[in-house]
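Trainee: My questions will all concern the structure given below.
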There are 2 protein chains.
Amino acid sequence: MGKEEEIVDMIVNGPKNYLRNVSVDNVIFGYHQKELKVLLQRPRGIAKWMLPGGYIKRTETIDEAAKRIAKDRTGLDKLFLKQFLAFGSPSRIKDPSFTPKILSTLNELQIDEDHWMFDYFVSVCFYTLTEFSLVTPNGALYAEECQWWGIENIPPMLYDHGEMIEEALKALRLHIYHYPIGYELLPQKFTLPEIHTLYETILGKKLDSRNFSKKLMATGIIKKLDEQRNIGAHRAPYLYIFDKEVYDNALKEGLALII
Amino acid sequence: MGKEEEIVDMIVNGPKNYLRNVSVDNVIFGYHQKELKVLLQRPRGIAKWMLPGGYIKRTETIDEAAKRIAKDRTGLDKLFLKQFLAFGSPSRIKDPSFTPKILSTLNELQIDEDHWMFDYFVSVCFYTLTEFSLVTPNGALYAEECQWWGIENIPPMLYDHGEMIEEALKALRLHIYHYPIGYELLPQKFTLPEIHTLYETILGKKLDSRNFSKKLMATGIIKKLDEQRNIGAHRAPYLYIFDKEVYDNALKEGLALII
């Protein structure tokens, strides 16, 4: 089945192959040179934006569903997705501005307010963080646009998707103290100012640089190399790499990076 | 409707009133004098234990469902429930030791493996922490026993409920660094050794007591009173209270208690 046929099949035969009343949404954060952005899509004919999300196949776990959907929207299949919160209330997807018409126009299907897709859905939310220059944004079939938005500049969002972004950011900012976030966001060899800037961007605040470096080194997740980068006259900062073993263990067990 | 009739109605007419494919489970931690326990129930005729959990009514949010179920099992309705993770995979509730027979025997209802209650369920999990002497454990109708178990001594668990307890404990131990956990677990006026013991019990490790007190005071969530408790000759430690305003704000916004 092609992508479009798969979606028609989902609309018509949905509950045979997909779970009812529960779906996933992904908050895909992109980092690039001191900027933190989030990947959003705008459904055809609607003035609001939404997160990449979708239904869960009966044959997959919720993590697999989130991964499949993230891959569809970004082209990347090695994303580290972290579940952070489920949203569920009887009214959560009853936004009058997102009429079922969007999907109806897609294939001249009849979809009304009673359709299973507009029932009460609990959405299990995941976030991920990637180097955004690696991503080729690719909206769902019902999307007219799919692009990055700066997190300080989020457009009007459908349903509770604005709140999902806020909660994802809170979770990310809490996890950054306990998990090594950043492996995919920096070049393999990086300088202390580079990793310092990454943390400042994610936390949205200034961090004392001497204190930050000291605490980060104390966790053992980065190692100093006997190698410098020449960035100008008299400026050759040392390079660092992540210690993969310590890093992987910290991902599983957590660490306490206290900044 | 009485409790029993409500359950029969749920079994027979379930999907009309409850969500399909998504449920909630609660990890209810109890603290009392240096012990951390978890409330479990054992279904009739089964040698494994399970968490208090249940289905979500179409008229309630997931938080309301978790609260209703926690109240049914503990008698307490002011519990602070914190969502920590959703579990979902096609095989998660296919444990052959928990046959649908349990529910069948309940009211001579015919319930087989195809019944909606044994479909693929995503479970959204919450934890809570309470003073366990306040709780009157009250199992579900299908339960033969409902009691506290020490967290170092968990009995064989049904499905993925053992993993849920582990993940709840991980979440609690992470949150304790960021949220003020303990308001309900200590007397209104408490000593520094009392709150120190609470944190050590939850974290499962020793904490340097001078350093702990210093860091805790720095967060501003507790205030020293001009009042001492007499606990013996020459021993009269000062009493402290939570600063409710700082505490409530920290619950919402988080804090960084770094121990």
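Identifiers in the structure tokens: chain A, B, ... in order shown; residue index from 1 per chain; ligand index from 1 in order shown.
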So that I can check the secondary structure, give me every residue of segment 146-234 of chain A assigned helix (DSSP H, G or I) by backbone DSSP, as an MDAnalysis selection string.

Mentor: chainID A and resid 161:175 192:203 209:219

Trainee: Export N, CA and C atoms of the chosen residues as a short mmCIF file (atom, residue, chain, number, x, y, z; two decimals), in the first residue's frame?

Mentor:
```cif
data_model
loop_
_atom_site.label_atom_id
_atom_site.label_comp_id
_atom_site.auth_asym_id
_atom_site.auth_seq_id
_atom_site.Cartn_x
_atom_site.Cartn_y
_atom_site.Cartn_z
N HIS A 161 -2.05 21.38 21.67
CA HIS A 161 -0.68 21.17 21.20
C HIS A 161 0.30 22.24 21.69
N GLY A 162 -0.21 23.45 21.97
CA GLY A 162 0.66 24.49 22.53
C GLY A 162 1.14 24.09 23.92
N GLU A 163 0.21 23.55 24.69
CA GLU A 163 0.55 23.09 26.05
C GLU A 163 1.54 21.92 25.98
N MET A 164 1.36 21.07 24.97
CA MET A 164 2.29 19.94 24.82
C MET A 164 3.72 20.45 24.61
N ILE A 165 3.87 21.50 23.81
CA ILE A 165 5.21 22.06 23.57
C ILE A 165 5.79 22.61 24.88
N GLU A 166 4.97 23.33 25.63
CA GLU A 166 5.44 23.88 26.91
C GLU A 166 5.88 22.78 27.87
N GLU A 167 5.07 21.72 27.95
CA GLU A 167 5.41 20.62 28.85
C GLU A 167 6.65 19.87 28.38
N ALA A 168 6.81 19.76 27.05
CA ALA A 168 8.00 19.08 26.51
C ALA A 168 9.25 19.86 26.87
N LEU A 169 9.14 21.17 26.80
CA LEU A 169 10.27 22.04 27.12
C LEU A 169 10.62 21.93 28.60
N LYS A 170 9.59 21.89 29.45
CA LYS A 170 9.82 21.70 30.89
C LYS A 170 10.53 20.37 31.13
N ALA A 171 10.05 19.31 30.47
CA ALA A 171 10.65 17.99 30.67
C ALA A 171 12.09 17.98 30.19
N LEU A 172 12.33 18.57 29.02
CA LEU A 172 13.69 18.65 28.48
C LEU A 172 14.61 19.37 29.45
N ARG A 173 14.13 20.47 30.01
CA ARG A 173 14.95 21.27 30.92
C ARG A 173 15.18 20.58 32.26
N LEU A 174 14.29 19.69 32.63
CA LEU A 174 14.51 18.91 33.84
C LEU A 174 15.47 17.75 33.53
N HIS A 175 15.24 17.10 32.38
CA HIS A 175 16.07 15.94 32.03
C HIS A 175 17.52 16.32 31.77
N LEU A 192 34.56 23.38 24.82
CA LEU A 192 33.71 23.68 25.98
C LEU A 192 32.72 24.80 25.69
N PRO A 193 33.14 25.89 25.00
CA PRO A 193 32.14 26.92 24.68
C PRO A 193 30.97 26.38 23.85
N GLU A 194 31.24 25.40 22.98
CA GLU A 194 30.14 24.84 22.17
C GLU A 194 29.11 24.10 23.03
N ILE A 195 29.57 23.27 23.93
CA ILE A 195 28.62 22.53 24.77
C ILE A 195 27.95 23.47 25.79
N HIS A 196 28.68 24.48 26.22
CA HIS A 196 28.15 25.48 27.13
C HIS A 196 26.98 26.24 26.45
N THR A 197 27.18 26.61 25.21
CA THR A 197 26.13 27.31 24.45
C THR A 197 24.91 26.42 24.26
N LEU A 198 25.14 25.14 23.99
CA LEU A 198 24.02 24.20 23.83
C LEU A 198 23.16 24.19 25.09
N TYR A 199 23.79 24.06 26.25
CA TYR A 199 23.03 24.02 27.51
C TYR A 199 22.34 25.35 27.77
N GLU A 200 22.99 26.44 27.49
CA GLU A 200 22.36 27.75 27.69
C GLU A 200 21.13 27.91 26.79
N THR A 201 21.26 27.44 25.56
CA THR A 201 20.13 27.58 24.62
C THR A 201 18.95 26.75 25.09
N ILE A 202 19.22 25.51 25.51
CA ILE A 202 18.13 24.64 25.94
C ILE A 202 17.49 25.17 27.22
N LEU A 203 18.31 25.61 28.15
CA LEU A 203 17.75 26.09 29.43
C LEU A 203 17.20 27.50 29.32
N SER A 209 30.32 30.07 33.13
CA SER A 209 31.01 29.11 32.28
C SER A 209 32.07 28.29 33.03
N ARG A 210 32.75 28.89 33.99
CA ARG A 210 33.76 28.12 34.73
C ARG A 210 33.09 27.02 35.58
N ASN A 211 32.02 27.41 36.24
CA ASN A 211 31.26 26.48 37.08
C ASN A 211 30.66 25.35 36.24
N PHE A 212 30.10 25.72 35.09
CA PHE A 212 29.49 24.73 34.20
C PHE A 212 30.52 23.68 33.78
N SER A 213 31.69 24.14 33.33
CA SER A 213 32.72 23.20 32.86
C SER A 213 33.16 22.26 33.97
N LYS A 214 33.31 22.81 35.16
CA LYS A 214 33.78 22.02 36.30
C LYS A 214 32.77 20.90 36.61
N LYS A 215 31.49 21.28 36.68
CA LYS A 215 30.44 20.31 36.99
C LYS A 215 30.31 19.26 35.90
N LEU A 216 30.41 19.71 34.67
CA LEU A 216 30.27 18.77 33.55
C LEU A 216 31.42 17.76 33.55
N MET A 217 32.62 18.23 33.78
CA MET A 217 33.78 17.32 33.83
C MET A 217 33.61 16.32 34.97
N ALA A 218 33.03 16.78 36.07
CA ALA A 218 32.88 15.92 37.25
C ALA A 218 31.97 14.73 36.96
N THR A 219 31.05 14.87 36.01
CA THR A 219 30.14 13.75 35.71
C THR A 219 30.87 12.64 34.96
#
```

Trainee: Determine which residues of segment 40-230 of chain B receive a DSSP assignment of strand (DSSP E), computed from the backbone, and state them as an MDAnalysis selection string.

Mentor: chainID B and resid 40:43 53:57 82:87 122:131 143:150 222:228

Trainee: Just need the residues of chain B within 10 Å of chain A, counting only C-alpha atoms, so spit them out as a PyMOL selection string.

Mentor: chain B and resi 18-23+56-64+83-92+119-122+124-125+170+174-175+177-178+253-259

Trainee: Got a sec: who's within 8 Å of segment 183-185 of chain A, counting only C-alpha atoms, leaving out chain neighbours fewer than 5 positions off, as a ChimeraX atom specification?

Mentor: /A:31-32,129-131,242
